[in-house]
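coords11.tsv follows; it contains TSV, C-alpha atoms.
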```
chain	number	residue	atom	x	y	z
A	1	MET	CA	133.58	75.95	92.50
A	2	SER	CA	131.77	79.29	92.52
A	3	LEU	CA	130.58	81.52	89.76
A	4	ASP	CA	132.97	84.31	88.84
A	5	PRO	CA	131.71	87.81	89.69
A	6	SER	CA	130.50	88.59	86.19
A	7	ALA	CA	128.34	85.46	86.13
A	8	ALA	CA	127.06	85.99	89.67
A	9	GLU	CA	125.97	89.49	88.69
A	10	LEU	CA	123.59	87.94	86.18
A	11	PHE	CA	121.39	86.99	89.14
A	12	ASP	CA	120.25	90.52	89.87
A	13	PRO	CA	116.44	90.49	89.88
A	14	MET	CA	116.24	94.26	89.52
A	15	SER	CA	118.64	94.64	86.59
A	16	PRO	CA	117.14	95.41	83.16
A	17	GLU	CA	119.15	92.57	81.61
A	18	TYR	CA	117.89	89.95	84.04
A	19	THR	CA	114.32	91.25	83.97
A	20	SER	CA	114.34	91.16	80.17
A	21	CYS	CA	115.65	87.59	79.95
A	22	PRO	CA	116.64	85.49	82.97
A	23	TYR	CA	117.21	82.39	80.88
A	24	ALA	CA	120.82	83.21	79.98
A	25	ALA	CA	121.64	83.30	83.69
A	26	PHE	CA	119.80	80.02	84.23
A	27	ALA	CA	121.64	78.31	81.38
A	28	ARG	CA	125.08	79.34	82.59
A	29	ALA	CA	124.45	78.50	86.24
A	30	ARG	CA	122.79	75.19	85.37
A	31	LYS	CA	125.92	74.20	83.46
A	32	GLU	CA	128.61	75.59	85.77
A	33	GLU	CA	127.02	75.48	89.22
A	34	PRO	CA	123.39	74.35	89.61
A	35	VAL	CA	123.39	75.59	93.23
A	36	ALA	CA	125.08	79.00	93.02
A	37	ARG	CA	125.59	81.44	95.87
A	38	GLN	CA	124.70	85.01	94.97
A	39	PRO	CA	126.96	86.95	97.38
A	40	VAL	CA	125.22	90.34	97.15
A	41	LEU	CA	121.81	88.90	97.99
A	42	ASP	CA	123.32	86.17	100.20
A	43	GLU	CA	121.05	83.61	98.58
A	44	TRP	CA	121.61	80.26	96.89
A	45	ILE	CA	120.13	80.10	93.39
A	46	VAL	CA	119.02	76.56	92.50
A	47	THR	CA	118.76	76.00	88.74
A	48	GLY	CA	119.53	72.29	88.24
A	49	ARG	CA	116.43	70.16	87.74
A	50	ALA	CA	117.61	67.35	90.02
A	51	GLU	CA	118.54	69.88	92.70
A	52	ILE	CA	115.19	71.68	92.37
A	53	GLU	CA	113.33	68.41	92.84
A	54	GLN	CA	115.53	67.44	95.79
A	55	VAL	CA	114.79	70.68	97.64
A	56	GLN	CA	111.08	70.53	96.85
A	57	ARG	CA	110.77	66.94	98.08
A	58	ASP	CA	112.47	67.63	101.41
A	59	HIS	CA	110.09	70.03	103.15
A	60	GLU	CA	111.62	69.21	106.55
A	61	ARG	CA	115.10	70.47	105.70
A	62	PHE	CA	113.95	73.18	103.28
A	63	THR	CA	110.97	75.01	104.72
A	64	SER	CA	108.60	77.38	102.97
A	65	ARG	CA	107.20	78.90	106.17
A	66	PHE	CA	109.04	82.21	105.56
A	67	ASN	CA	107.85	82.66	101.97
A	68	LEU	CA	105.58	85.62	102.75
A	69	ASP	CA	108.01	87.63	104.88
A	70	GLY	CA	109.19	89.73	101.93
A	71	SER	CA	112.45	89.58	100.02
A	72	TYR	CA	113.84	92.93	101.20
A	73	SER	CA	114.14	94.69	104.57
A	74	PHE	CA	111.63	97.32	105.65
A	75	CYS	CA	112.17	100.79	107.08
A	76	PRO	CA	111.33	101.07	110.83
A	77	GLU	CA	107.98	102.82	110.32
A	78	ALA	CA	106.77	100.29	107.75
A	79	LYS	CA	108.05	97.42	109.88
A	80	GLU	CA	106.09	98.71	112.88
A	81	ILE	CA	102.90	98.87	110.82
A	82	LEU	CA	103.43	95.39	109.39
A	83	ASP	CA	104.28	93.94	112.82
A	84	GLY	CA	100.81	95.02	113.93
A	85	SER	CA	99.20	93.33	110.94
A	86	LEU	CA	98.97	89.76	109.61
A	87	PHE	CA	101.74	90.37	107.07
A	88	PHE	CA	104.27	88.10	108.77
A	89	ARG	CA	101.76	85.48	109.88
A	90	VAL	CA	102.72	82.04	108.61
A	91	ALA	CA	100.28	81.01	105.91
A	92	LEU	CA	98.81	77.52	106.06
A	93	TYR	CA	99.86	77.17	102.44
A	94	ASN	CA	103.47	77.24	103.55
A	95	VAL	CA	103.52	75.27	106.80
A	96	ASP	CA	104.53	71.62	106.92
A	97	PRO	CA	102.18	68.66	107.40
A	98	PRO	CA	99.84	67.90	109.09
A	99	ALA	CA	98.46	71.49	109.23
A	100	HIS	CA	99.31	72.00	105.56
A	101	THR	CA	97.55	68.77	104.60
A	102	ARG	CA	94.35	69.61	106.49
A	103	PHE	CA	94.14	73.06	104.93
A	104	ARG	CA	94.90	71.83	101.43
A	105	ASP	CA	92.23	69.15	101.76
A	106	LEU	CA	89.76	71.83	102.86
A	107	ILE	CA	90.13	74.04	99.79
A	108	SER	CA	90.93	71.38	97.18
A	109	GLY	CA	87.25	70.60	96.72
A	110	PHE	CA	86.89	73.87	94.82
A	111	PHE	CA	89.56	72.74	92.33
A	112	THR	CA	88.57	69.15	91.55
A	113	PRO	CA	87.89	68.22	87.91
A	114	ARG	CA	84.18	67.92	88.69
A	115	ALA	CA	84.03	71.34	90.34
A	116	LEU	CA	85.96	72.94	87.49
A	117	ARG	CA	83.77	71.36	84.81
A	118	ARG	CA	80.81	73.14	86.38
A	119	ARG	CA	82.64	76.46	85.92
A	120	GLU	CA	83.97	75.94	82.39
A	121	GLU	CA	81.01	77.43	80.54
A	122	SER	CA	80.85	80.51	82.77
A	123	ILE	CA	84.58	81.07	82.23
A	124	ARG	CA	84.07	80.81	78.48
A	125	GLU	CA	81.17	83.24	78.64
A	126	THR	CA	83.33	85.72	80.56
A	127	ALA	CA	86.10	85.41	77.97
A	128	ARG	CA	83.67	85.91	75.09
A	129	ARG	CA	82.10	88.93	76.77
A	130	LEU	CA	85.52	90.54	77.17
A	131	VAL	CA	86.38	89.87	73.52
A	132	VAL	CA	83.08	91.34	72.31
A	133	GLY	CA	83.90	94.52	74.19
A	134	MET	CA	87.32	94.65	72.54
A	135	ALA	CA	86.27	93.74	69.01
A	136	GLU	CA	84.49	97.05	68.41
A	137	ARG	CA	87.92	98.68	68.16
A	138	ASP	CA	91.02	98.02	66.08
A	139	GLY	CA	93.35	97.16	68.96
A	140	CYS	CA	93.99	97.30	72.69
A	141	ASP	CA	96.36	96.40	75.49
A	142	LEU	CA	95.39	92.74	75.72
A	143	LEU	CA	96.89	92.43	79.17
A	144	GLN	CA	94.66	95.11	80.68
A	145	GLU	CA	91.49	94.28	78.78
A	146	PHE	CA	91.59	90.49	78.62
A	147	THR	CA	94.37	88.53	80.30
A	148	TYR	CA	93.96	90.36	83.63
A	149	PRO	CA	90.16	90.69	83.95
A	150	LEU	CA	89.45	87.06	82.96
A	151	PRO	CA	91.29	85.28	85.82
A	152	MET	CA	90.51	88.10	88.26
A	153	THR	CA	86.80	87.64	87.58
A	154	VAL	CA	87.04	83.88	87.99
A	155	ILE	CA	88.93	83.86	91.28
A	156	CYS	CA	86.83	86.65	92.78
A	157	ASP	CA	83.66	84.72	91.86
A	158	MET	CA	85.04	81.61	93.53
A	159	ILE	CA	86.08	83.47	96.68
A	160	GLY	CA	83.04	85.72	96.86
A	161	ILE	CA	84.54	89.19	96.33
A	162	PRO	CA	81.76	91.62	95.31
A	163	GLU	CA	82.15	92.92	91.77
A	164	GLU	CA	82.09	96.56	92.85
A	165	ASP	CA	85.12	96.01	95.13
A	166	ARG	CA	87.40	94.18	92.70
A	167	ALA	CA	89.32	97.17	91.34
A	168	THR	CA	90.17	98.23	94.90
A	169	VAL	CA	91.12	94.67	95.85
A	170	LYS	CA	93.40	94.56	92.82
A	171	GLN	CA	95.16	97.73	93.97
A	172	TRP	CA	95.62	96.34	97.48
A	173	ASN	CA	96.90	93.09	95.99
A	174	ASN	CA	99.47	94.99	93.92
A	175	GLU	CA	100.72	96.85	96.99
A	176	TRP	CA	100.98	93.68	99.07
A	177	LEU	CA	102.90	91.96	96.25
A	178	ALA	CA	105.21	94.96	95.88
A	179	LEU	CA	106.16	94.62	99.55
A	180	GLN	CA	106.91	90.97	98.85
A	181	VAL	CA	109.17	91.22	95.82
A	182	VAL	CA	110.33	94.79	95.13
A	183	PRO	CA	112.78	97.01	97.10
A	184	LEU	CA	110.57	100.07	97.69
A	185	PRO	CA	111.62	103.49	99.00
A	186	PRO	CA	110.57	104.13	102.63
A	187	GLU	CA	107.62	106.40	101.89
A	188	GLN	CA	106.16	103.84	99.48
A	189	GLN	CA	106.72	101.05	102.00
A	190	VAL	CA	104.71	102.99	104.57
A	191	HIS	CA	101.91	103.68	102.09
A	192	CYS	CA	101.71	100.02	101.08
A	193	ALA	CA	101.91	98.84	104.69
A	194	ASN	CA	98.95	101.02	105.67
A	195	ASP	CA	96.95	99.65	102.75
A	196	VAL	CA	97.81	96.09	103.81
A	197	VAL	CA	96.11	96.81	107.14
A	198	THR	CA	93.07	98.22	105.33
A	199	TYR	CA	93.02	95.17	103.03
A	200	GLU	CA	93.04	92.80	106.01
A	201	LYS	CA	90.15	94.62	107.69
A	202	TYR	CA	88.17	94.42	104.47
A	203	VAL	CA	88.64	90.63	104.26
A	204	LEU	CA	87.80	90.21	107.96
A	205	ASP	CA	84.56	92.11	107.36
A	206	LEU	CA	83.72	89.87	104.39
A	207	LEU	CA	84.29	86.76	106.50
A	208	GLU	CA	81.98	88.09	109.20
A	209	GLN	CA	79.34	88.81	106.56
A	210	ARG	CA	79.54	85.19	105.40
A	211	ARG	CA	79.20	84.00	108.98
A	212	GLN	CA	75.86	85.85	109.08
A	213	GLU	CA	74.85	85.13	105.47
A	214	PRO	CA	76.53	81.98	104.06
A	215	ALA	CA	77.00	81.56	100.31
A	216	ASP	CA	78.49	79.02	97.92
A	217	ASP	CA	82.03	80.41	97.99
A	218	LEU	CA	85.44	80.06	99.62
A	219	LEU	CA	84.74	82.84	102.14
A	220	THR	CA	81.93	80.75	103.59
A	221	GLU	CA	83.99	77.57	103.54
A	222	LEU	CA	86.81	79.20	105.48
A	223	VAL	CA	84.47	80.71	108.07
A	224	ARG	CA	82.96	77.27	108.64
A	225	ALA	CA	86.45	75.78	108.95
A	226	ALA	CA	87.34	78.37	111.58
A	227	ASP	CA	84.13	77.78	113.52
A	228	MET	CA	84.48	73.98	113.70
A	229	GLU	CA	84.92	72.25	117.04
A	230	ASN	CA	88.35	71.15	115.82
A	231	PRO	CA	89.09	74.14	113.54
A	232	VAL	CA	91.20	73.69	110.44
A	233	CYS	CA	92.19	77.35	110.64
A	234	THR	CA	91.50	80.56	112.52
A	235	VAL	CA	89.81	83.59	110.99
A	236	GLU	CA	93.23	85.26	110.87
A	237	ASP	CA	94.59	82.24	108.99
A	238	ALA	CA	91.68	82.61	106.58
A	239	VAL	CA	92.58	86.25	105.88
A	240	VAL	CA	96.17	85.31	105.03
A	241	ALA	CA	95.00	82.37	102.90
A	242	LEU	CA	92.49	84.45	100.97
A	243	ARG	CA	95.08	87.13	100.27
A	244	VAL	CA	97.37	84.48	98.80
A	245	MET	CA	94.53	82.91	96.81
A	246	ILE	CA	93.52	86.23	95.29
A	247	ALA	CA	97.10	86.89	94.20
A	248	ALA	CA	97.89	83.36	93.03
A	249	GLY	CA	94.48	82.95	91.46
A	250	HIS	CA	94.83	85.82	89.01
A	251	GLU	CA	98.38	87.22	88.93
A	252	THR	CA	100.09	84.08	87.67
A	253	THR	CA	97.32	83.16	85.21
A	254	THR	CA	97.19	86.71	83.84
A	255	ASN	CA	100.87	86.43	83.02
A	256	LEU	CA	100.59	82.85	81.77
A	257	ILE	CA	97.96	83.83	79.19
A	258	ALA	CA	99.87	86.97	78.18
A	259	ASN	CA	103.18	85.12	77.85
A	260	ALA	CA	101.52	82.43	75.75
A	261	VAL	CA	99.90	84.95	73.40
A	262	HIS	CA	103.17	86.88	73.13
A	263	GLN	CA	105.05	83.77	72.00
A	264	LEU	CA	102.30	82.67	69.60
A	265	LEU	CA	102.11	86.08	67.95
A	266	GLY	CA	105.88	86.42	67.89
A	267	ASP	CA	105.95	83.60	65.33
A	268	ARG	CA	102.99	84.17	63.03
A	269	SER	CA	102.94	80.55	61.87
A	270	LEU	CA	102.23	79.40	65.43
A	271	TRP	CA	99.20	81.65	65.78
A	272	GLU	CA	97.87	80.69	62.35
A	273	ARG	CA	98.21	77.03	63.24
A	274	LEU	CA	96.28	77.58	66.48
A	275	VAL	CA	93.52	79.36	64.57
A	276	LYS	CA	93.21	76.35	62.25
A	277	GLU	CA	93.64	73.79	65.02
A	278	PRO	CA	92.14	75.23	68.23
A	279	GLU	CA	92.54	71.84	69.89
A	280	LEU	CA	96.23	72.81	70.22
A	281	ALA	CA	95.36	75.45	72.83
A	282	ALA	CA	96.16	73.09	75.71
A	283	ALA	CA	99.55	72.28	74.15
A	284	ALA	CA	100.25	76.01	73.78
A	285	VAL	CA	99.56	76.50	77.49
A	286	GLU	CA	101.97	73.72	78.46
A	287	GLU	CA	104.62	75.13	76.15
A	288	ALA	CA	104.21	78.60	77.65
A	289	LEU	CA	104.64	77.10	81.12
A	290	ARG	CA	107.86	75.48	79.92
A	291	PHE	CA	109.29	78.21	77.73
A	292	ASP	CA	108.46	81.39	79.64
A	293	SER	CA	106.85	80.48	82.94
A	294	SER	CA	104.84	83.15	84.75
A	295	VAL	CA	106.08	81.66	88.04
A	296	GLN	CA	109.87	81.72	87.98
A	297	GLY	CA	110.58	80.20	91.38
A	298	ALA	CA	110.02	80.19	95.12
A	299	PRO	CA	112.12	80.73	98.24
A	300	ARG	CA	113.08	78.09	100.77
A	301	VAL	CA	115.11	78.30	103.98
A	302	ALA	CA	117.45	75.50	105.10
A	303	THR	CA	116.46	74.38	108.60
A	304	THR	CA	119.79	72.60	109.00
A	305	ALA	CA	123.10	72.32	107.18
A	306	ALA	CA	122.46	70.27	104.06
A	307	ARG	CA	123.97	69.07	100.82
A	308	VAL	CA	122.08	69.99	97.66
A	309	GLY	CA	123.47	68.11	94.71
A	310	ASP	CA	127.22	68.57	95.10
A	311	THR	CA	126.95	71.79	97.12
A	312	ASP	CA	126.89	72.25	100.89
A	313	VAL	CA	124.57	74.96	102.20
A	314	PRO	CA	124.58	76.13	105.83
A	315	ALA	CA	121.67	76.11	108.26
A	316	GLY	CA	119.59	79.24	107.75
A	317	ALA	CA	120.61	79.59	104.10
A	318	ARG	CA	117.97	81.20	101.90
A	319	LEU	CA	117.51	79.33	98.64
A	320	ARG	CA	115.76	80.44	95.47
A	321	VAL	CA	114.38	77.38	93.72
A	322	MET	CA	114.04	78.45	90.09
A	323	PHE	CA	111.33	76.28	88.55
A	324	ALA	CA	111.60	78.14	85.25
A	325	ALA	CA	115.19	76.97	84.77
A	326	ALA	CA	114.05	73.34	84.43
A	327	GLY	CA	111.87	74.13	81.43
A	328	ARG	CA	114.88	74.88	79.23
A	329	ASP	CA	117.20	72.18	80.54
A	330	PRO	CA	118.61	70.52	77.39
A	331	GLU	CA	119.06	67.24	79.28
A	332	TRP	CA	115.31	67.15	79.92
A	333	VAL	CA	113.87	68.92	76.87
A	334	ASP	CA	114.65	68.49	73.17
A	335	ASP	CA	115.18	71.76	71.31
A	336	PRO	CA	114.58	73.76	74.51
A	337	GLU	CA	115.01	77.23	72.97
A	338	SER	CA	112.14	76.76	70.50
A	339	PHE	CA	108.46	77.34	71.28
A	340	ARG	CA	106.68	74.35	69.75
A	341	LEU	CA	103.11	73.06	69.64
A	342	ASP	CA	104.00	69.48	68.73
A	343	ARG	CA	105.78	68.23	71.84
A	344	GLN	CA	104.86	64.69	72.83
A	345	GLY	CA	105.04	62.77	76.07
A	346	PRO	CA	104.96	64.03	79.67
A	347	GLN	CA	105.16	67.70	80.56
A	348	ARG	CA	108.66	69.16	80.46
A	349	HIS	CA	108.33	71.92	83.01
A	350	LEU	CA	107.88	72.63	86.71
A	351	GLY	CA	105.64	75.63	86.15
A	352	PHE	CA	103.36	74.74	89.05
A	353	GLY	CA	106.10	73.71	91.44
A	354	TYR	CA	106.89	70.24	92.70
A	355	GLY	CA	106.20	68.19	95.81
A	356	ILE	CA	103.64	68.83	98.55
A	357	HIS	CA	103.37	72.51	97.63
A	358	PHE	CA	102.43	71.81	94.00
A	359	CYS	CA	99.94	74.52	93.04
A	360	VAL	CA	96.44	73.52	94.16
A	361	GLY	CA	94.97	75.74	91.43
A	362	ALA	CA	97.00	74.24	88.57
A	363	SER	CA	93.97	72.68	86.86
A	364	LEU	CA	92.05	75.94	87.07
A	365	ALA	CA	94.95	77.93	85.59
A	366	ARG	CA	95.31	75.44	82.76
A	367	MET	CA	91.58	75.53	82.00
A	368	GLU	CA	91.35	79.34	82.07
A	369	SER	CA	94.40	79.71	79.84
A	370	ARG	CA	93.18	77.10	77.36
A	371	ILE	CA	89.76	78.76	77.13
A	372	ALA	CA	91.38	82.18	76.72
A	373	LEU	CA	93.42	80.99	73.72
A	374	GLU	CA	90.46	79.18	72.17
A	375	VAL	CA	88.21	82.24	72.43
A	376	LEU	CA	90.87	84.61	71.09
A	377	ALA	CA	91.68	82.34	68.15
A	378	GLU	CA	88.00	81.99	67.26
A	379	ALA	CA	86.99	85.64	67.67
A	380	LEU	CA	90.16	87.42	66.53
A	381	PRO	CA	91.98	85.22	64.00
A	382	GLY	CA	93.80	88.28	62.64
A	383	LEU	CA	95.31	89.12	66.03
A	384	ARG	CA	98.88	90.40	65.84
A	385	LEU	CA	101.36	92.37	67.91
A	386	ALA	CA	101.20	96.12	67.46
A	387	ASP	CA	103.87	97.57	65.19
A	388	GLY	CA	107.02	98.52	67.03
A	389	PHE	CA	106.14	96.54	70.16
A	390	GLU	CA	109.17	95.77	72.31
A	391	PRO	CA	108.41	93.62	75.35
A	392	ARG	CA	108.98	95.14	78.78
A	393	TYR	CA	108.71	92.98	81.86
A	394	LEU	CA	107.58	94.00	85.31
A	395	PRO	CA	110.12	93.71	88.12
A	396	GLY	CA	109.11	90.52	89.89
A	397	GLY	CA	112.29	89.52	91.63
A	398	PHE	CA	112.87	85.81	91.40
A	399	VAL	CA	109.16	85.02	91.72
A	400	PHE	CA	107.04	86.32	88.83
A	401	ARG	CA	107.51	87.00	85.13
A	402	GLY	CA	104.94	89.22	83.49
A	403	LEU	CA	104.75	91.74	80.69
A	404	ALA	CA	104.11	95.38	81.52
A	405	GLU	CA	101.78	95.60	78.50
A	406	LEU	CA	100.73	93.61	75.46
A	407	PRO	CA	99.50	95.97	72.70
A	408	VAL	CA	97.76	94.10	69.88
A	409	VAL	CA	95.74	94.91	66.77
A	410	TRP	CA	93.44	92.82	64.62
A	411	ALA	CA	91.94	95.06	61.94
```
This structure in structure tokens:
Amino acid sequence: MSLDPSAAELFDPMSPEYTSCPYAAFARARKEEPVARQPVLDEWIVTGRAEIEQVQRDHERFTSRFNLDGSYSFCPEAKEILDGSLFFRVALYNVDPPAHTRFRDLISGFFTPRALRRREESIRETARRLVVGMAERDGCDLLQEFTYPLPMTVICDMIGIPEEDRATVKQWNNEWLALQVVPLPPEQQVHCANDVVTYEKYVLDLLEQRRQEPADDLLTELVRAADMENPVCTVEDAVVALRVMIAAGHETTTNLIANAVHQLLGDRSLWERLVKEPELAAAAVEEALRFDSSVQGAPRVATTAARVGDTDVPAGARLRVMFAAAGRDPEWVDDPESFRLDRQGPQRHLGFGYGIHFCVGASLARMESRIALEVLAEALPGLRLADGFEPRYLPGGFVFRGLAELPVVWA
């Protein structure tokens, strides 16, 4: 069975309808065809929870090594620039074991519970400092003034990005991500491609600085790993890894915090309950991951012909594994269309992925988001959405889900 054309058209990542709310498409596909071929994109959209878990468990038949090649084709000039860069280099995040395991073991020490506990107070201080700067006014765009700078500050501190460079790094990050997930016109592709090259040179220079002057950061750790007798990675691998870490370390958490606040303020009783019971902040984070995940899914490529659930996919098929669809699966979640703070039992989402590529920074994202909600509830109990606010979401393809803005007031 295949989806009829009208249903297949729901899976258009650039359409306003899909960008506004992808969950209607997920619900229909999950019910009618949990592995659905989108003929225009020539991709297989995986929305069934069992099928998602099957693909994620089988990294040999469903590889992630092409995840950073971009979702759309490039014009010849941009392609030539990118071919001369590290854009298409396979990231150690996405390769299969044992290289993946060695690299993950290398960086995981920065994300252990013990390591994160040492950072908790500094994260809280950063959040409070941002709120103090906001509180002198009556309102702001919370996304720009709080939910973005908080995780960006944290990940840049961990990596070792100088404070004076962070705005530029953010711009480069945005351009690199745009090449990944948005169909850009040729002139914009060329502009972004040139900035990708500049971005890579900047990171290479930082790595060389750490070789000369080591510090307690990820830049230094990766240089040491590259200089080992049996190196875990090369310097070029480190550049690709750091670019991914910068993006994953702030982009997804920015949107997670913003999506959580949006849902809490959308139902005033939820926000008021959080203000009275700040210990519910962690539950609010988990519910945001389930209800409106900032990471919608990830691509995989079939290395051989395979059967996913009841559907046969050919060798070379490109799959889109939609983690966000699992969070509203009525067979897995009671009352899936309601945002609730009283859910009990194990987590009911796949917001950080599944299998060997489960997000290494999941604990950090959870901690940052929890602290963000606790600080906001304490400092701005009267927080509310600005009058007339209508949510607009950034085009993120099948990968990200984030608001374009989040105007709030509190006076």
Discussion item. At a cut-off of 6 Å, using all atoms listed in the file, what residues contact A:Ala305? Leave out same-chain residues fewer than 3 positions from it and give the result as a PyMOL selection string.
Written reply: chain A and resi 313-315
Practice prompt. Would you mind listing what lies within 8 Å of stretch 382-393 of chain A as a PyMOL selection string, with all atoms listed in the file counted and same-chain residues fewer than 5 positions away left out?
Written response: chain A and resi 19-20+262+265-266+268+377+401-411
Worksheet entry | atom CA of A:Asp217 to atom CA of A:Gly160, straight-line distance in Å |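 That distance, rounded to one decimal, is 5.5 Å.
Using all atoms listed in the file, the nearest neighbour of A:Asp195 within the list A:Ala78, A:Leu150, A:Leu256, A:Asp12 is A:Ala78.
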Practice prompt. Have a look at atom CA of A:Arg137 and atom CA of A:Ala283 and let me know their distance in Å, one decimal.
Written response: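 So the answer is 29.5 Å.
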Worksheet item: Skipping near chain neighbours, those fewer than 4 positions away, what residues fall within 9 Å of stretch 98-115 of chain A using all atoms listed in the file, listed as a ChimeraX atom specification?
Response: /A:92-94,119,158,217-218,221-222,225,232-233,356-357,360-364
Worksheet item: Which residues, written as a VMD selection string, have at least one atom at most 7 Å from stretch 79-88 of chain A, with all atoms listed in the file counted and residues fewer than 4 positions away on the same chain left out?
Response: chain A and resid 68 to 69 74 to 75 193 to 194 197 240
Worksheet item: With only C-alpha atoms as the basis for distance, which of A:Pro16, A:Gly355, A:Gly249, A:Pro336 is at the shortest distance from A:Pro151?
Response: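 Checking each of A:Pro16, A:Gly355, A:Gly249, A:Pro336 against A:Pro151, counting only C-alpha atoms, the winner is A:Gly249.
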Worksheet item: From the set A:Arg328, A:His59, A:Arg348, A:Arg37, which residue has the shortest atom-to-atom contact distance to A:Pro22, counting all atoms listed in the file?
Response: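 Ranked by minimum distance to A:Pro22, first place goes to A:Arg328.
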Worksheet entry | Atom-to-atom span, atom CA of A:Gly353 and atom CA of A:Arg320, Å |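 A separation of 12.4 Å between them.
Candidate residues A:Ala324, A:Glu286, A:Trp271, A:Thr234 were compared for distance to A:Tyr354, and the nearest is A:Ala324, using only C-alpha atoms.
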Discussion item. Given the point (123.2, 88.3, 100.4) in the coordinates of this file, which residues lie within 12 Å, counting all atoms listed in the file, and how would they look as a list in words?
Written reply: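 In the file's frame, the residues around the point are Ala8, Phe11, Asp12, Arg37, Gln38, Pro39, Val40, Leu41, Asp42, Glu43, Trp44, Ile45, Ser71, Tyr72, Ser73, Ala317, Arg318, Leu319 and Arg320 of chain A.
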Please fill the gaps in stretch 51-63 of chain A so it has N, CA, C and O atoms, and write that as a PDB file, keeping the file's coordinate frame.
```
ATOM      1  N   GLU A  51     118.412  69.144  91.442  1.00  0.00           N
ATOM      2  CA  GLU A  51     118.540  69.880  92.700  1.00  0.00           C
ATOM      3  C   GLU A  51     117.220  70.557  93.086  1.00  0.00           C
ATOM      4  O   GLU A  51     116.857  70.615  94.271  1.00  0.00           O
ATOM      5  N   ILE A  52     116.506  71.081  92.096  1.00  0.00           N
ATOM      6  CA  ILE A  52     115.190  71.680  92.370  1.00  0.00           C
ATOM      7  C   ILE A  52     114.262  70.628  92.974  1.00  0.00           C
ATOM      8  O   ILE A  52     113.605  70.862  93.993  1.00  0.00           O
ATOM      9  N   GLU A  53     114.211  69.466  92.353  1.00  0.00           N
ATOM     10  CA  GLU A  53     113.330  68.410  92.840  1.00  0.00           C
ATOM     11  C   GLU A  53     113.754  67.928  94.223  1.00  0.00           C
ATOM     12  O   GLU A  53     112.900  67.629  95.077  1.00  0.00           O
ATOM     13  N   GLN A  54     115.051  67.862  94.468  1.00  0.00           N
ATOM     14  CA  GLN A  54     115.530  67.440  95.790  1.00  0.00           C
ATOM     15  C   GLN A  54     115.039  68.395  96.875  1.00  0.00           C
ATOM     16  O   GLN A  54     114.526  67.966  97.912  1.00  0.00           O
ATOM     17  N   VAL A  55     115.206  69.690  96.644  1.00  0.00           N
ATOM     18  CA  VAL A  55     114.790  70.680  97.640  1.00  0.00           C
ATOM     19  C   VAL A  55     113.276  70.623  97.835  1.00  0.00           C
ATOM     20  O   VAL A  55     112.772  70.657  98.970  1.00  0.00           O
ATOM     21  N   GLN A  56     112.533  70.521  96.756  1.00  0.00           N
ATOM     22  CA  GLN A  56     111.080  70.530  96.850  1.00  0.00           C
ATOM     23  C   GLN A  56     110.532  69.284  97.538  1.00  0.00           C
ATOM     24  O   GLN A  56     109.475  69.341  98.177  1.00  0.00           O
ATOM     25  N   ARG A  57     111.223  68.174  97.411  1.00  0.00           N
ATOM     26  CA  ARG A  57     110.770  66.940  98.080  1.00  0.00           C
ATOM     27  C   ARG A  57     111.005  66.991  99.582  1.00  0.00           C
ATOM     28  O   ARG A  57     110.259  66.388 100.353  1.00  0.00           O
ATOM     29  N   ASP A  58     112.039  67.678 100.008  1.00  0.00           N
ATOM     30  CA  ASP A  58     112.470  67.630 101.410  1.00  0.00           C
ATOM     31  C   ASP A  58     111.972  68.862 102.159  1.00  0.00           C
ATOM     32  O   ASP A  58     112.718  69.794 102.441  1.00  0.00           O
ATOM     33  N   HIS A  59     110.677  68.857 102.500  1.00  0.00           N
ATOM     34  CA  HIS A  59     110.090  70.030 103.150  1.00  0.00           C
ATOM     35  C   HIS A  59     110.524  70.158 104.610  1.00  0.00           C
ATOM     36  O   HIS A  59     110.300  71.198 105.228  1.00  0.00           O
ATOM     37  N   GLU A  60     111.136  69.118 105.168  1.00  0.00           N
ATOM     38  CA  GLU A  60     111.620  69.210 106.550  1.00  0.00           C
ATOM     39  C   GLU A  60     112.923  69.993 106.617  1.00  0.00           C
ATOM     40  O   GLU A  60     113.120  70.822 107.513  1.00  0.00           O
ATOM     41  N   ARG A  61     113.817  69.762 105.686  1.00  0.00           N
ATOM     42  CA  ARG A  61     115.100  70.470 105.700  1.00  0.00           C
ATOM     43  C   ARG A  61     115.061  71.785 104.932  1.00  0.00           C
ATOM     44  O   ARG A  61     115.935  72.644 105.124  1.00  0.00           O
ATOM     45  N   PHE A  62     114.064  71.947 104.062  1.00  0.00           N
ATOM     46  CA  PHE A  62     113.950  73.180 103.280  1.00  0.00           C
ATOM     47  C   PHE A  62     112.517  73.696 103.417  1.00  0.00           C
ATOM     48  O   PHE A  62     111.628  73.295 102.689  1.00  0.00           O
ATOM     49  N   THR A  63     112.322  74.570 104.373  1.00  0.00           N
ATOM     50  CA  THR A  63     110.970  75.010 104.720  1.00  0.00           C
ATOM     51  C   THR A  63     110.510  76.185 103.871  1.00  0.00           C
ATOM     52  O   THR A  63     111.318  77.002 103.419  1.00  0.00           O
TER      53      THR A  63
END
```
